[in-house]
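Heads up: the structure comes next, in structure tokens.
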Amino acid sequence: MTKSPPALRIGVDVGGTHTDSVLMAGRRVVREFKTATTADVTTGVVTALREAAHAAEGPVARVVIGTTHFTNAVLTGAGLSRVAALRIGLPASASLPPFCDWPQGLARRVRGPVMQVAGGHECDGRPIAPLDETGIARVGRSLRHEGIRDVAVSAVFSPLDGRGEARAAEILREEHPEARITESRELGRIGLLGRENAGLLNAALRPLAARVMRAFADAMETAGIRAPLLIARNDGTVARVPAAAAYPVLSLSSGPTNSMTGAAFLSGVSEAVVVDVGGTTTDIGYLRAGFPREAPREVVIGGVRTLFRMPDLLSIALGGGSLVTRNGGAVGPGSVGYRLIEKGRVFGGDILTATDCGVAAGWARIGDARRVAALSSAVTRRFARAVRERIEESVDRMKPDAAARSLLAVGGGAFLIPERTPGVSERVDVPHASVANAVGAAIARIGGETDRVFHGVGREEAFRRATEEAEAGAVAAGADPTALEVVEREDLPLAYLPGDARRVRVRVVG
């Protein structure tokens, strides 16, 4: 019997400097491509897709794209929608209203009507007050009249009991059928403000997400690719376009995550520190079981404290395009970004970048080394010391303990990573390191996760219910229900709550 050839997959990752793509056949990287990220981003994606598609000898089974669109929108405020906030919790929680801890500039762009109604629950599951359904209906009519479509709903302790948010969303849709509603319980964890902020950011990003998804679909059509389109997520999994468009915050850190999962796949190392040096920033994270370690605390995004699924990452302003000043003693935070290939000295420009100094130091062979031959050894020594100190400190901060760990070096600027770093047992130079992000996108599986509090049921029953919810989420995102695998399972008894309460987290992939 003739064995069928492995399925062809295309992975694309859009970075601040380069847009990378790979064509993969099974576990093998067939071709890799790197093109400059364009100002409109989408043009670069079209180029990357075309290059990969031209190398494909057969139909492409799927395309996965990781994007910086949503991160850039939050950081700059551009493209965000005005959002109405509905909090369910009165008479409690009134002293800290929605948007109270946002940076003023970002709040001015996003903040719409802010409303609070009675409802929500105590930490032990008891209702704070009956849900004010009349008030919610009034809110829906008001938003419809004002033409505001994007709404974020949050209720006190909704991860413990989500019926209030669910009922509020139902009432709002009855009164305002055009509304796009984000329920915070579907994104965040117990803490009210962090979970609410995640919902507000998600609601603000949804119109942009819809435009981005249409642009990606158009790019695939322009490139002549007929295949399912999937979008990379923060946790190393992917989702179909409808799910990705509904929850764009779940793709905010897909780029660094892709690099980490790609590094694990390419190296065969499942637990290590990963250092991903791009053109603008260096991202450092820690791998466990081939997936990024999840942040155990609130994550600040664009000055907004959030509490939802995000990889535990440390980003520093160091990359191949970083500006080098003070005779080599200062590297960054400024960067030429995607204009490196026209501004860097080794490419014919007149700006001294980290890539130029790396070439002068003999760390890499890029561009025309003769254009940096005049750099003195004193400059390259100061540059090397500045880079080494920043990477050493960052790696030390991200390690789980004092034991020596492997370091996986990836990214187009991986040549900046020192050969020896204190606390590192070995530096692993990963094959196809410069496009590990695109490989991570191409190999990603669809996932689902549940992270909430159960009470009144035993431990095994709580795990059973959580697993069912996580599997349902994976199937809704496009996974095959017959090929799901539980990859993470943990619980934390909550002694301060009655009824054998415990926080349970289950993660599945397929």
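Chain identifiers are assigned as A, B, and so on, following the order in which chains appear in the structure tokens; residues are numbered from 1 within each chain, and ligands are numbered from 1 in order of appearance.
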TODO: Go through stretch 382-444 of chain A and collect every residue that DSSP, computed from the backbone, puts in alpha helix (DSSP H); the answer should be as a PyMOL selection string.
DONE: chain A and resi 382-398+436-443
Open item on the list: DSSP on the backbone: which residues in stretch 8-146 of chain A end up as strand (DSSP E or B)? Give the answer as a PyMOL selection string.
Closed with: chain A and resi 8-14+18-25+28-36+60-66+83-90+111-118+121+127
With C-alpha atoms kept, could you save the residues just selected as a JSON list (two decimals), in the first residue's frame?
```
[["chain", "number", "residue", "atom", "x", "y", "z"],
["A", 8, "LEU", "CA", 1.61, 20.60, 3.67],
["A", 9, "ARG", "CA", 1.20, 23.48, 6.13],
["A", 10, "ILE", "CA", 2.14, 27.14, 5.98],
["A", 11, "GLY", "CA", 3.02, 29.10, 9.11],
["A", 12, "VAL", "CA", 3.31, 32.89, 9.10],
["A", 13, "ASP", "CA", 4.42, 35.15, 11.92],
["A", 14, "VAL", "CA", 4.28, 38.93, 11.68],
["A", 18, "HIS", "CA", 10.22, 40.89, 9.60],
["A", 19, "THR", "CA", 7.31, 38.75, 8.48],
["A", 20, "ASP", "CA", 8.42, 35.12, 8.45],
["A", 21, "SER", "CA", 6.84, 32.15, 6.74],
["A", 22, "VAL", "CA", 7.60, 28.45, 6.42],
["A", 23, "LEU", "CA", 6.29, 25.62, 4.32],
["A", 24, "MET", "CA", 6.22, 22.35, 6.26],
["A", 25, "ALA", "CA", 5.55, 18.77, 5.22],
["A", 28, "ARG", "CA", 10.02, 18.71, 8.05],
["A", 29, "VAL", "CA", 10.68, 22.34, 7.14],
["A", 30, "VAL", "CA", 10.59, 22.38, 3.35],
["A", 31, "ARG", "CA", 11.32, 26.07, 2.77],
["A", 32, "GLU", "CA", 11.65, 29.19, 4.89],
["A", 33, "PHE", "CA", 11.18, 32.81, 3.92],
["A", 34, "LYS", "CA", 11.79, 36.17, 5.54],
["A", 35, "THR", "CA", 10.45, 39.46, 4.22],
["A", 36, "ALA", "CA", 10.34, 42.96, 5.67],
["A", 60, "VAL", "CA", -1.84, 23.20, 1.31],
["A", 61, "ALA", "CA", -3.79, 21.63, 4.19],
["A", 62, "ARG", "CA", -3.87, 24.71, 6.42],
["A", 63, "VAL", "CA", -2.43, 28.17, 7.02],
["A", 64, "VAL", "CA", -1.70, 29.53, 10.51],
["A", 65, "ILE", "CA", -0.93, 33.21, 11.09],
["A", 66, "GLY", "CA", 0.41, 34.85, 14.21],
["A", 83, "VAL", "CA", -16.57, 50.38, 24.52],
["A", 84, "ALA", "CA", -19.49, 50.44, 26.94],
["A", 85, "ALA", "CA", -18.81, 48.83, 30.30],
["A", 86, "LEU", "CA", -21.55, 47.09, 32.26],
["A", 87, "ARG", "CA", -20.59, 45.86, 35.71],
["A", 88, "ILE", "CA", -22.92, 43.68, 37.75],
["A", 89, "GLY", "CA", -22.19, 44.00, 41.46],
["A", 90, "LEU", "CA", -24.09, 46.79, 43.21],
["A", 111, "ARG", "CA", -14.07, 54.52, 27.40],
["A", 112, "GLY", "CA", -17.73, 54.76, 26.49],
["A", 113, "PRO", "CA", -20.73, 54.72, 28.83],
["A", 114, "VAL", "CA", -19.97, 53.13, 32.21],
["A", 115, "MET", "CA", -22.92, 51.54, 33.99],
["A", 116, "GLN", "CA", -23.29, 49.48, 37.15],
["A", 117, "VAL", "CA", -26.33, 47.45, 38.18],
["A", 118, "ALA", "CA", -27.26, 45.22, 41.09],
["A", 121, "HIS", "CA", -22.10, 36.93, 43.97],
["A", 127, "PRO", "CA", -25.96, 36.39, 45.59]]
```
Which residues of stretch 378-471 of chain A come within 8 Å of stretch 322-330 of chain A, and for each one, what is the closest pair of atoms and their distance in Å to one decimal, counting only C-alpha atoms, sorted by chain and residue number, as CSV?
```
residue,atom,partner,partner_atom,distance
A:Val379,CA,A:Gly328,CA,4.8
A:Thr380,CA,A:Gly328,CA,6.3
A:Arg381,CA,A:Gly328,CA,7.7
A:Arg382,CA,A:Gly329,CA,5.1
A:Phe383,CA,A:Gly328,CA,4.4
A:Arg385,CA,A:Gly329,CA,7.9
A:Ala386,CA,A:Gly329,CA,6.1
```
Would you export the selected residues with all heavy atoms as a PDB file, in the first residue's frame, please?
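File written: out.pdb
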```pdb
ATOM      1  N   VAL A 379      34.744  50.018  20.866  1.00  0.00           N
ATOM      2  CA  VAL A 379      33.291  50.135  20.666  1.00  0.00           C
ATOM      3  C   VAL A 379      32.635  48.760  20.716  1.00  0.00           C
ATOM      4  O   VAL A 379      31.620  48.565  21.381  1.00  0.00           O
ATOM      5  CB  VAL A 379      32.986  50.839  19.330  1.00  0.00           C
ATOM      6  CG1 VAL A 379      31.491  50.726  18.997  1.00  0.00           C
ATOM      7  CG2 VAL A 379      33.405  52.301  19.385  1.00  0.00           C
ATOM      8  N   THR A 380      33.202  47.775  20.015  1.00  0.00           N
ATOM      9  CA  THR A 380      32.582  46.446  20.001  1.00  0.00           C
ATOM     10  C   THR A 380      32.666  45.776  21.368  1.00  0.00           C
ATOM     11  O   THR A 380      31.760  45.025  21.739  1.00  0.00           O
ATOM     12  CB  THR A 380      33.252  45.554  18.929  1.00  0.00           C
ATOM     13  OG1 THR A 380      34.656  45.472  19.181  1.00  0.00           O
ATOM     14  CG2 THR A 380      33.013  46.117  17.533  1.00  0.00           C
ATOM     15  N   ARG A 381      33.745  46.066  22.147  1.00  0.00           N
ATOM     16  CA  ARG A 381      33.835  45.484  23.493  1.00  0.00           C
ATOM     17  C   ARG A 381      32.744  46.063  24.403  1.00  0.00           C
ATOM     18  O   ARG A 381      32.098  45.330  25.146  1.00  0.00           O
ATOM     19  CB  ARG A 381      35.213  45.745  24.099  1.00  0.00           C
ATOM     20  CG  ARG A 381      36.302  44.823  23.609  1.00  0.00           C
ATOM     21  CD  ARG A 381      37.513  44.836  24.564  1.00  0.00           C
ATOM     22  NE  ARG A 381      38.027  46.194  24.748  1.00  0.00           N
ATOM     23  CZ  ARG A 381      38.962  46.748  23.983  1.00  0.00           C
ATOM     24  NH1 ARG A 381      39.475  46.068  22.959  1.00  0.00           N
ATOM     25  NH2 ARG A 381      39.393  47.974  24.225  1.00  0.00           N
ATOM     26  N   ARG A 382      32.561  47.397  24.349  1.00  0.00           N
ATOM     27  CA  ARG A 382      31.510  48.012  25.162  1.00  0.00           C
ATOM     28  C   ARG A 382      30.136  47.507  24.737  1.00  0.00           C
ATOM     29  O   ARG A 382      29.262  47.242  25.573  1.00  0.00           O
ATOM     30  CB  ARG A 382      31.592  49.535  25.046  1.00  0.00           C
ATOM     31  CG  ARG A 382      32.698  50.163  25.880  1.00  0.00           C
ATOM     32  CD  ARG A 382      32.539  51.666  25.948  1.00  0.00           C
ATOM     33  NE  ARG A 382      32.832  52.291  24.660  1.00  0.00           N
ATOM     34  CZ  ARG A 382      34.027  52.741  24.299  1.00  0.00           C
ATOM     35  NH1 ARG A 382      35.060  52.642  25.138  1.00  0.00           N
ATOM     36  NH2 ARG A 382      34.208  53.299  23.109  1.00  0.00           N
ATOM     37  N   PHE A 383      29.947  47.359  23.436  1.00  0.00           N
ATOM     38  CA  PHE A 383      28.673  46.828  22.925  1.00  0.00           C
ATOM     39  C   PHE A 383      28.438  45.410  23.439  1.00  0.00           C
ATOM     40  O   PHE A 383      27.347  45.086  23.926  1.00  0.00           O
ATOM     41  CB  PHE A 383      28.698  46.841  21.394  1.00  0.00           C
ATOM     42  CG  PHE A 383      27.616  46.017  20.753  1.00  0.00           C
ATOM     43  CD1 PHE A 383      26.320  46.482  20.673  1.00  0.00           C
ATOM     44  CD2 PHE A 383      27.908  44.750  20.239  1.00  0.00           C
ATOM     45  CE1 PHE A 383      25.319  45.714  20.083  1.00  0.00           C
ATOM     46  CE2 PHE A 383      26.926  43.981  19.645  1.00  0.00           C
ATOM     47  CZ  PHE A 383      25.619  44.465  19.567  1.00  0.00           C
ATOM     48  N   ARG A 385      29.628  43.948  26.080  1.00  0.00           N
ATOM     49  CA  ARG A 385      29.370  43.956  27.519  1.00  0.00           C
ATOM     50  C   ARG A 385      27.927  44.392  27.814  1.00  0.00           C
ATOM     51  O   ARG A 385      27.246  43.792  28.655  1.00  0.00           O
ATOM     52  CB  ARG A 385      30.370  44.862  28.222  1.00  0.00           C
ATOM     53  CG  ARG A 385      30.228  44.853  29.744  1.00  0.00           C
ATOM     54  CD  ARG A 385      31.428  45.489  30.441  1.00  0.00           C
ATOM     55  NE  ARG A 385      31.672  46.845  29.970  1.00  0.00           N
ATOM     56  CZ  ARG A 385      32.707  47.228  29.242  1.00  0.00           C
ATOM     57  NH1 ARG A 385      33.624  46.335  28.881  1.00  0.00           N
ATOM     58  NH2 ARG A 385      32.867  48.480  28.865  1.00  0.00           N
ATOM     59  N   ALA A 386      27.456  45.430  27.120  1.00  0.00           N
ATOM     60  CA  ALA A 386      26.095  45.928  27.344  1.00  0.00           C
ATOM     61  C   ALA A 386      25.050  44.866  26.993  1.00  0.00           C
ATOM     62  O   ALA A 386      24.082  44.643  27.730  1.00  0.00           O
ATOM     63  CB  ALA A 386      25.862  47.196  26.527  1.00  0.00           C
TER      64      ALA A 386
END
```
Open item on the list: My list of candidates is A:Trp102, A:Arg138, A:Arg288, A:Leu313. Which is closest to A:Leu200 when distances are computed with only C-alpha atoms?
Closed with: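 Of A:Trp102, A:Arg138, A:Arg288, A:Leu313, the one nearest A:Leu200, counting only C-alpha atoms, is A:Trp102.
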Open item on the list: Restricting the calculation to only C-alpha atoms: of A:Ser184, A:Ser93, A:Ser394, A:Thr450, which residue gets closest to A:Ser154?
Closed with: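 Distance minimum relative to A:Ser154 lands on A:Ser184.
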- [ ] Rank A:Gly140, A:Gly321, A:Gly478, A:Gly332 by their smallest atom-to-atom distance to A:Gly344, using only C-alpha atoms, and report the top residue only.
- [x]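 With only C-alpha atoms as the atom set, the closest residue is A:Gly321.
Rounded to one decimal, atom CA of A:Arg309 and atom CA of A:Asn234 lie 7.2 Å from each other.
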Open item on the list: For a test of reading the model, state the distance in Å between atom CA of A:Leu250 and atom CA of A:Ala198, rounded to one decimal.
Closed with: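 Result for atom CA of A:Leu250 versus atom CA of A:Ala198: 9.6 Å, one decimal.
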Task: All residues 8 Å or closer to A:Gly79, only C-alpha atoms, same chain fewer than 6 positions away omitted, as a ChimeraX atom specification - done: /A:73,205,208
Task: Nearest candidate to A:Arg370 (options A:Val273, A:Gly348, A:Ala466, A:Ile391; using only C-alpha atoms) - done: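 Result for the nearest residue to A:Arg370: A:Gly348.
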Task: Close residues, A:Glu271 itself excluded, 7 Å, only C-alpha atoms, min 2 positions apart in chain, as a PyMOL selection string - done: chain A and resi 269+287-290
Open item on the list: So, with only C-alpha atoms as the atoms that count, which of A:Thr280, A:Thr134, A:Thr306, A:Ser253 lies closest to A:Gly337?
Closed with: A:Thr280
TODO: Could you give me, as a ChimeraX atom specification, the residues within 12 Å of A:Lys343, counting only C-alpha atoms and dropping anything in the same chain fewer than 2 positions from it?
DONE: /A:320-323,335-341,345-356,367
